[in-house]
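*Asks:* If you scroll down you'll find the structure; I have some questions about it.
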Amino acid sequence: MRLYFKTKVNLSPQKVFEGFDEKLFLKLAPPFPPVRLEKFDGCKAGDKVVLKLFFIFFSQMWESTILKQVTTEREIYFIDKGTKLPFFLSQWQHSHIIEKDENGGSFIIDDIEYHTPFWLLDYLLYPSMWFIFAYRKPIYRKFFKK
């Protein structure tokens with residue numbers, strides 16, 4: 001399954017990329033499930049992010065590794081891949097793209113591809129995944145205000 005969100009913000013791609021830190025990561029965490037950040041190395045190739053997700057009766061670990069980070073004149077992006085995922089996910093890749101807007105500012109693009117162990121679960125999980133990333137849009141706008 002694929003999710004794609006594009007959010008306009010009023011800072012340059014470089015300023016936005018510099019803001020992708022632990023503080024922003026915690027602000028982007030949705031209300032459910034509650035998340036505890038266990039480790040945050042950063043957004044460069046080889047960096048790791050480790051989360052603990054708390055569901056009602058159990059918790060799950062989530063580990064991702066940054067596969068690559070690229071900076072060009074037009075965009076900055078980094079890609080994380082899930083290396084240890086909650087039981088309901090079998091694959092996760094998230095491209096974080098900060099694209100220059102020719103009219104000023106930037107676009108933050110969340111391009112996510114995920115799979116579950118069962119194709120039907122891919123579709124059942126879609127509304128929750130959609131909400132988790134739609135939830136980010138106003139946070140990005142507020143966090144990256146001039």
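By order in the structure tokens, chains are A, B, ...; within a chain, residues start at 1; ligands start at 1, following the order shown.
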Could you name the residues that touch Trp130 of chain A at 10 Å or less, counting only C-alpha atoms, but leaving out those on the same chain fewer than 6 positions away, as a PyMOL selection string?

*Replies:* chain A and resi 2-5

*Asks:* So that I have them on file, write out the residues from the current selection with N, CA and C atoms, as a PDB file, in the first residue's frame.

*Replies:*
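Everything below was put into again.pdb:
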ATOM      1  N   ARG A   2       0.348   2.286  -0.561  1.00  0.00           N
ATOM      2  CA  ARG A   2       1.125   3.509  -0.668  1.00  0.00           C
ATOM      3  C   ARG A   2       0.311   4.688  -0.156  1.00  0.00           C
ATOM      4  N   LEU A   3       0.993   5.570   0.568  1.00  0.00           N
ATOM      5  CA  LEU A   3       0.429   6.831   1.039  1.00  0.00           C
ATOM      6  C   LEU A   3       1.330   7.953   0.539  1.00  0.00           C
ATOM      7  N   TYR A   4       0.720   9.092   0.189  1.00  0.00           N
ATOM      8  CA  TYR A   4       1.489  10.220  -0.319  1.00  0.00           C
ATOM      9  C   TYR A   4       0.843  11.495   0.197  1.00  0.00           C
ATOM     10  N   PHE A   5       1.620  12.288   0.926  1.00  0.00           N
ATOM     11  CA  PHE A   5       1.131  13.557   1.458  1.00  0.00           C
ATOM     12  C   PHE A   5       2.124  14.654   1.097  1.00  0.00           C
TER      13      PHE A   5
END

*Asks:* Do a neighbour search on Glu102 of chain A at 12 Å with only C-alpha atoms, toss out local chain neighbours closer than 5 positions, and write the hits as a CSV table (one decimal) with N, CA and C atoms, in the first residue's frame.

*Replies:*
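Output contents, as saved in selection11.csv:
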chain,number,residue,atom,x,y,z
A,8,LYS,N,2.8,22.3,2.1
A,8,LYS,CA,3.5,23.5,1.9
A,8,LYS,C,3.9,24.1,3.2
A,10,ASN,N,6.8,27.4,4.9
A,10,ASN,CA,7.3,28.7,4.4
A,10,ASN,C,8.8,28.9,4.7
A,11,LEU,N,9.5,27.8,4.8
A,11,LEU,CA,11.0,27.9,5.0
A,11,LEU,C,11.7,27.2,3.9
A,12,SER,N,13.0,27.5,3.7
A,12,SER,CA,13.8,26.9,2.7
A,12,SER,C,14.0,25.4,2.9
A,13,PRO,N,14.3,24.6,1.9
A,13,PRO,CA,14.5,23.2,2.2
A,13,PRO,C,15.6,22.9,3.2
A,73,GLU,N,20.2,20.7,-5.5
A,73,GLU,CA,19.8,22.1,-5.6
A,73,GLU,C,18.3,22.2,-5.4
A,74,ARG,N,17.5,21.2,-5.9
A,74,ARG,CA,16.1,21.2,-5.9
A,74,ARG,C,15.4,20.6,-4.7
A,75,GLU,N,16.1,19.6,-4.1
A,75,GLU,CA,15.4,18.9,-2.9
A,75,GLU,C,16.5,18.3,-2.0
A,107,PHE,N,8.0,22.2,0.0
A,107,PHE,CA,7.0,21.2,0.2
A,107,PHE,C,7.6,20.1,0.9

*Asks:* Write out as a PyMOL selection string all residues of chain A that DSSP puts in alpha helix (DSSP H) for this structure's backbone.

*Replies:* chain A and resi 13-19+22-28+119-134+136-143

*Asks:* Which parts of segment 9-40 of chain A does DSSP call strand (DSSP E) when run on the backbone here, written out as a list in words?

*Replies:* Val9, Val35, Arg36, Leu37, Glu38, Lys39 and Phe40 of chain A

*Asks:* For Thr72 of chain A, list every protein, DNA or RNA residue within 10 Å, evaluated using only C-alpha atoms, and leave out those in the same chain fewer than 5 positions away; present the list as a list in words.

*Replies:*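 Selected residues are Tyr77, Glu99 and Lys100 of chain A.
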